[in-house]
There are 4 protein chains.
Amino acid sequence: MGEGEPAPVEYVHELRVRYGECDPQGIVFNANYLLYFDVALTELWREALGPWQEMVERGVDAVVAEANARFRAPARYDDVLQLRARITRLGDSSLTTEIDVVREGEVLVEGRLRHVFVDAETWRKTKMPDWIAEGLRRFAGPDAGKN
Amino acid sequence: MGEGEPAPVEYVHELRVRYGECDPQGIVFNANYLLYFDVALTELWREALGPWQEMVERGVDAVVAEANARFRAPARYDDVLQLRARITRLGDSSLTTEIDVVREGEVLVEGRLRHVFVDAETWRKTKMPDWIAEGLRRFAGPDAGKN
Amino acid sequence: MGEGEPAPVEYVHELRVRYGECDPQGIVFNANYLLYFDVALTELWREALGPWQEMVERGVDAVVAEANARFRAPARYDDVLQLRARITRLGDSSLTTEIDVVREGEVLVEGRLRHVFVDAETWRKTKMPDWIAEGLRRFAGPDAGKN
Amino acid sequence: MGEGEPAPVEYVHELRVRYGECDPQGIVFNANYLLYFDVALTELWREALGPWQEMVERGVDAVVAEANARFRAPARYDDVLQLRARITRLGDSSLTTEIDVVREGEVLVEGRLRHVFVDAETWRKTKMPDWIAEGLRRFAGPDAGKN
């Protein structure tokens, strides 16, 4: 990162936990965090590049190759959660995003998604287009790669 | 219904309630019954006509135009439920299905779905093909129509 | 409605369709509208009375007795939807809510929920407390009852 | 593993992909695999120990501390999937399960869940009861631990 270059920033999206997303333990059912991670990346994408669908119309799509979540404390019905997302890896044909789920300053869940870019027609692996890497850079750290 | 004609039969599909389908009240979240109704119709369809997707490949699809549910008693995590489905109306371009959700003989939820047939390409309303009406008849009552 | 009495108002909640809520037809899966209706009522409730959970803490809960939806046109991934909710019936022990799902002025789905009030401990049917009827009145029409 | 001791076995649970579990790409939405993993562990548990709820009634519960999934190929609507589950770690107060999602011999998704045992009242971390470790052993390899 050169001098004067702005520090990478997180993208923060807020949402409120819905009743139907909670389970009999009264907490958000674990699978629904992956739904939240997807929302966070969609909104980061919109801020950086516009609607996800525009990428698809330009012939490229991205599919989840790996998803990880560490659950430190439960979120509950009606909680307002911050999804704090950042790009940690701009690979040649892959993208790694980390998302913290935060409630009033406490990290409840730590998520990581790895996407792979594919041709929107053939679904074969393809390179990440430069315009995507450039657009995402503002939410990526200096070590994220693909300079 | 002529003499000797067999009485219409229900199609019964069994499933077990999943943890993630239940809410903090400890019961199946109401939206998930529509998911169950869809499963019941899919399985009735498979028995009567084969996989739903075959219809789509033949150029016709069906979309839900109306859904109704009456909740009489709650289902809980791990319950084994019977979905008892029958066709109550074979319309010119629509199809009405009723589904009872039953646990050990007790009707918990009464559902009704009305589908409309559409062209799989244009999504314009279309007539129900005869081969569909014929295939579904065994799960339809004598007053269901489209003789 | 007496002279000078303010006209009943709708409560409007906006949300954006999530990718995971859409099905292979590319549209919101029908069951998810019941999830949306629940969100709409929760937010109307918050505006009128505070968090739903406060009612439960005061010993009363409400369960869905009936749900209906008419699907007129599909909503798609990334659409911003308005959920326009109003109370149409304040019964002795029940509550009827109507919710229109609207995209840019077009009504896509018409929903109706009927809730029944129950004792939060015993789950036996109970009367709607007066403080609830009073709080909800601003979102109810003059014919909604329980004056 | 002593001589003559039977080799550890996998628990296999079969399910069919539901329409509402698939997304506009026509494939199972990634979050729903966590739902599947939960179903697989629930059924393994039932075979080994009885209903999950019996554990809760005996004062112990288990919460997901970590979830991982690697997506190698997509599952589609109406696919019949095998969930092949096995215990890979019986820790002092934690449990690790691996689940392969398999379609006609092809591994589509590799999952891993780590649960932590908690007191069902206080939700404080607690030791895995011996009766649970013993019951689960038949689905665990010789290196899974907790002698």
# chains A, B, ... in the order shown; residues from 1 in each chain; ligands from 1

$ residues_around --residues "Val12 (chain B)" --least-positions-apart "2" --cutoff "8 Å" --atoms "only C-alpha atoms" --output "list in words"
Glu10, Glu14, Ala40, Leu44, Gln82, Leu83, Arg84 and Ala85 of chain B

$ interface_residues --of "chain B" --to "chain D" --cutoff "9 Å" --atoms "only C-alpha atoms" --output "PyMOL selection string"
chain B and resi 18-20+35+38-39+42+51-53+77-78

$ atom_distance --atom1 "CA of Val60 (chain C)" --atom2 "CA of Thr96 (chain C)"
16.8 Å

$ select_by_dssp --residues "region 17-69 of chain B" --states "alpha helix (DSSP H)" --output "PyMOL selection string"
chain B and resi 31-49+52-57

$ write_last_selection --atoms "C-alpha atoms" --output "mmCIF file, in the first residue's frame"
data_model
loop_
_atom_site.group_PDB
_atom_site.id
_atom_site.type_symbol
_atom_site.label_atom_id
_atom_site.label_comp_id
_atom_site.auth_asym_id
_atom_site.auth_seq_id
_atom_site.Cartn_x
_atom_site.Cartn_y
_atom_site.Cartn_z
ATOM 1 C CA ALA B 31 -44.141 -20.325 6.383
ATOM 2 C CA ASN B 32 -42.604 -23.795 6.349
ATOM 3 C CA TYR B 33 -45.986 -25.430 5.846
ATOM 4 C CA LEU B 34 -46.052 -23.920 2.366
ATOM 5 C CA LEU B 35 -42.727 -25.636 1.806
ATOM 6 C CA TYR B 36 -44.354 -28.887 2.961
ATOM 7 C CA PHE B 37 -47.364 -28.367 0.674
ATOM 8 C CA ASP B 38 -44.994 -27.972 -2.250
ATOM 9 C CA VAL B 39 -43.216 -31.209 -1.327
ATOM 10 C CA ALA B 40 -46.565 -33.013 -1.101
ATOM 11 C CA LEU B 41 -47.653 -31.870 -4.554
ATOM 12 C CA THR B 42 -44.250 -32.717 -6.038
ATOM 13 C CA GLU B 43 -44.525 -36.263 -4.731
ATOM 14 C CA LEU B 44 -48.159 -36.686 -5.780
ATOM 15 C CA TRP B 45 -47.049 -35.473 -9.214
ATOM 16 C CA ARG B 46 -44.185 -37.957 -9.357
ATOM 17 C CA GLU B 47 -46.562 -40.788 -8.540
ATOM 18 C CA ALA B 48 -49.156 -39.647 -11.075
ATOM 19 C CA LEU B 49 -47.044 -38.258 -13.903
ATOM 20 C CA TRP B 52 -42.269 -32.209 -12.297
ATOM 21 C CA GLN B 53 -39.291 -31.233 -14.437
ATOM 22 C CA GLU B 54 -40.548 -33.439 -17.274
ATOM 23 C CA MET B 55 -43.560 -31.174 -17.616
ATOM 24 C CA VAL B 56 -41.260 -28.178 -17.906
ATOM 25 C CA GLU B 57 -39.259 -29.975 -20.591
#

$ residues_around --residues "region 97-112 of chain B" --least-positions-apart "3" --cutoff "6 Å" --atoms "only C-alpha atoms" --output "list in words"
Ala67, Asn68, Ala69, Arg70, Phe71, Arg72, Ala73, Leu81, Gln82, Leu83, Arg84, Ala85, Arg86, Ile87 and Thr88 of chain B

$ calpha_fit_rmsd --fixed "chain A" --moving "chain C"
0.2 Å

$ decode --residues "region 42-138 of chain B" --atoms "C-alpha atoms" --output "mmCIF file, in the first residue's frame"
data_model
loop_
_atom_site.group_PDB
_atom_site.id
_atom_site.type_symbol
_atom_site.label_atom_id
_atom_site.label_comp_id
_atom_site.auth_asym_id
_atom_site.auth_seq_id
_atom_site.Cartn_x
_atom_site.Cartn_y
_atom_site.Cartn_z
ATOM 1 C CA THR B 42 -44.250 -32.717 -6.038
ATOM 2 C CA GLU B 43 -44.525 -36.263 -4.731
ATOM 3 C CA LEU B 44 -48.159 -36.686 -5.780
ATOM 4 C CA TRP B 45 -47.049 -35.473 -9.214
ATOM 5 C CA ARG B 46 -44.185 -37.957 -9.357
ATOM 6 C CA GLU B 47 -46.562 -40.788 -8.540
ATOM 7 C CA ALA B 48 -49.156 -39.647 -11.075
ATOM 8 C CA LEU B 49 -47.044 -38.258 -13.903
ATOM 9 C CA GLY B 50 -43.346 -38.535 -13.164
ATOM 10 C CA PRO B 51 -40.900 -35.779 -12.191
ATOM 11 C CA TRP B 52 -42.269 -32.209 -12.297
ATOM 12 C CA GLN B 53 -39.291 -31.233 -14.437
ATOM 13 C CA GLU B 54 -40.548 -33.439 -17.274
ATOM 14 C CA MET B 55 -43.560 -31.174 -17.616
ATOM 15 C CA VAL B 56 -41.260 -28.178 -17.906
ATOM 16 C CA GLU B 57 -39.259 -29.975 -20.591
ATOM 17 C CA ARG B 58 -42.508 -30.539 -22.472
ATOM 18 C CA GLY B 59 -43.053 -26.770 -22.499
ATOM 19 C CA VAL B 60 -45.500 -26.254 -19.634
ATOM 20 C CA ASP B 61 -44.980 -25.075 -16.080
ATOM 21 C CA ALA B 62 -47.350 -24.320 -13.200
ATOM 22 C CA VAL B 63 -47.112 -21.416 -10.793
ATOM 23 C CA VAL B 64 -48.858 -20.906 -7.482
ATOM 24 C CA ALA B 65 -51.672 -18.370 -7.804
ATOM 25 C CA GLU B 66 -53.103 -18.786 -4.330
ATOM 26 C CA ALA B 67 -52.119 -20.468 -1.096
ATOM 27 C CA ASN B 68 -54.185 -20.912 2.042
ATOM 28 C CA ALA B 69 -53.479 -22.550 5.356
ATOM 29 C CA ARG B 70 -55.545 -23.072 8.502
ATOM 30 C CA PHE B 71 -53.523 -23.890 11.565
ATOM 31 C CA ARG B 72 -55.424 -25.992 14.094
ATOM 32 C CA ALA B 73 -52.615 -27.352 16.237
ATOM 33 C CA PRO B 74 -48.828 -27.029 16.128
ATOM 34 C CA ALA B 75 -46.344 -29.595 14.871
ATOM 35 C CA ARG B 76 -43.080 -29.858 16.766
ATOM 36 C CA TYR B 77 -39.454 -30.738 16.166
ATOM 37 C CA ASP B 78 -38.936 -34.391 15.262
ATOM 38 C CA ASP B 79 -42.637 -35.068 14.697
ATOM 39 C CA VAL B 80 -43.393 -37.442 11.849
ATOM 40 C CA LEU B 81 -46.106 -35.855 9.735
ATOM 41 C CA GLN B 82 -48.340 -37.266 7.064
ATOM 42 C CA LEU B 83 -49.079 -34.930 4.190
ATOM 43 C CA ARG B 84 -52.364 -36.145 2.725
ATOM 44 C CA ALA B 85 -52.892 -34.554 -0.682
ATOM 45 C CA ARG B 86 -55.741 -34.731 -3.169
ATOM 46 C CA ILE B 87 -56.808 -32.817 -6.269
ATOM 47 C CA THR B 88 -60.064 -30.955 -5.728
ATOM 48 C CA ARG B 89 -60.285 -29.070 -9.018
ATOM 49 C CA LEU B 90 -58.990 -29.779 -12.488
ATOM 50 C CA GLY B 91 -59.801 -26.464 -14.134
ATOM 51 C CA ASP B 92 -59.315 -25.435 -17.706
ATOM 52 C CA SER B 93 -56.005 -23.811 -16.939
ATOM 53 C CA SER B 94 -55.782 -24.194 -13.181
ATOM 54 C CA LEU B 95 -55.370 -26.896 -10.602
ATOM 55 C CA THR B 96 -56.501 -26.937 -6.980
ATOM 56 C CA THR B 97 -54.870 -29.214 -4.449
ATOM 57 C CA GLU B 98 -55.773 -29.719 -0.806
ATOM 58 C CA ILE B 99 -53.249 -30.972 1.675
ATOM 59 C CA ASP B 100 -53.905 -32.034 5.250
ATOM 60 C CA VAL B 101 -50.956 -32.169 7.606
ATOM 61 C CA VAL B 102 -51.698 -35.038 9.964
ATOM 62 C CA ARG B 103 -49.920 -36.355 13.064
ATOM 63 C CA GLU B 104 -51.151 -39.659 14.427
ATOM 64 C CA GLY B 105 -54.616 -39.176 13.013
ATOM 65 C CA GLU B 106 -54.995 -35.530 14.100
ATOM 66 C CA VAL B 107 -55.258 -32.887 11.386
ATOM 67 C CA LEU B 108 -52.877 -30.100 12.408
ATOM 68 C CA VAL B 109 -53.003 -27.910 9.322
ATOM 69 C CA GLU B 110 -55.336 -27.700 6.334
ATOM 70 C CA GLY B 111 -53.761 -26.329 3.181
ATOM 71 C CA ARG B 112 -54.976 -25.426 -0.262
ATOM 72 C CA LEU B 113 -52.929 -24.444 -3.307
ATOM 73 C CA ARG B 114 -54.242 -23.158 -6.595
ATOM 74 C CA HIS B 115 -51.796 -23.416 -9.482
ATOM 75 C CA VAL B 116 -52.129 -21.859 -12.898
ATOM 76 C CA PHE B 117 -50.532 -23.440 -15.952
ATOM 77 C CA VAL B 118 -48.191 -21.288 -17.996
ATOM 78 C CA ASP B 119 -46.109 -21.673 -21.092
ATOM 79 C CA ALA B 120 -42.635 -22.549 -19.842
ATOM 80 C CA GLU B 121 -41.054 -20.046 -22.239
ATOM 81 C CA THR B 122 -43.346 -17.033 -22.227
ATOM 82 C CA TRP B 123 -44.941 -17.573 -18.808
ATOM 83 C CA ARG B 124 -48.304 -16.756 -20.374
ATOM 84 C CA LYS B 125 -51.333 -18.599 -19.044
ATOM 85 C CA THR B 126 -52.064 -21.772 -20.990
ATOM 86 C CA LYS B 127 -54.508 -24.669 -20.870
ATOM 87 C CA MET B 128 -53.813 -27.683 -18.716
ATOM 88 C CA PRO B 129 -52.637 -30.371 -21.159
ATOM 89 C CA ASP B 130 -54.878 -33.432 -21.339
ATOM 90 C CA TRP B 131 -52.102 -35.815 -20.380
ATOM 91 C CA ILE B 132 -51.737 -33.936 -17.091
ATOM 92 C CA ALA B 133 -55.470 -33.997 -16.341
ATOM 93 C CA GLU B 134 -55.574 -37.722 -17.122
ATOM 94 C CA GLY B 135 -52.578 -38.503 -14.954
ATOM 95 C CA LEU B 136 -53.895 -36.533 -11.996
ATOM 96 C CA ARG B 137 -57.406 -37.971 -12.145
ATOM 97 C CA ARG B 138 -56.666 -40.892 -9.844
#
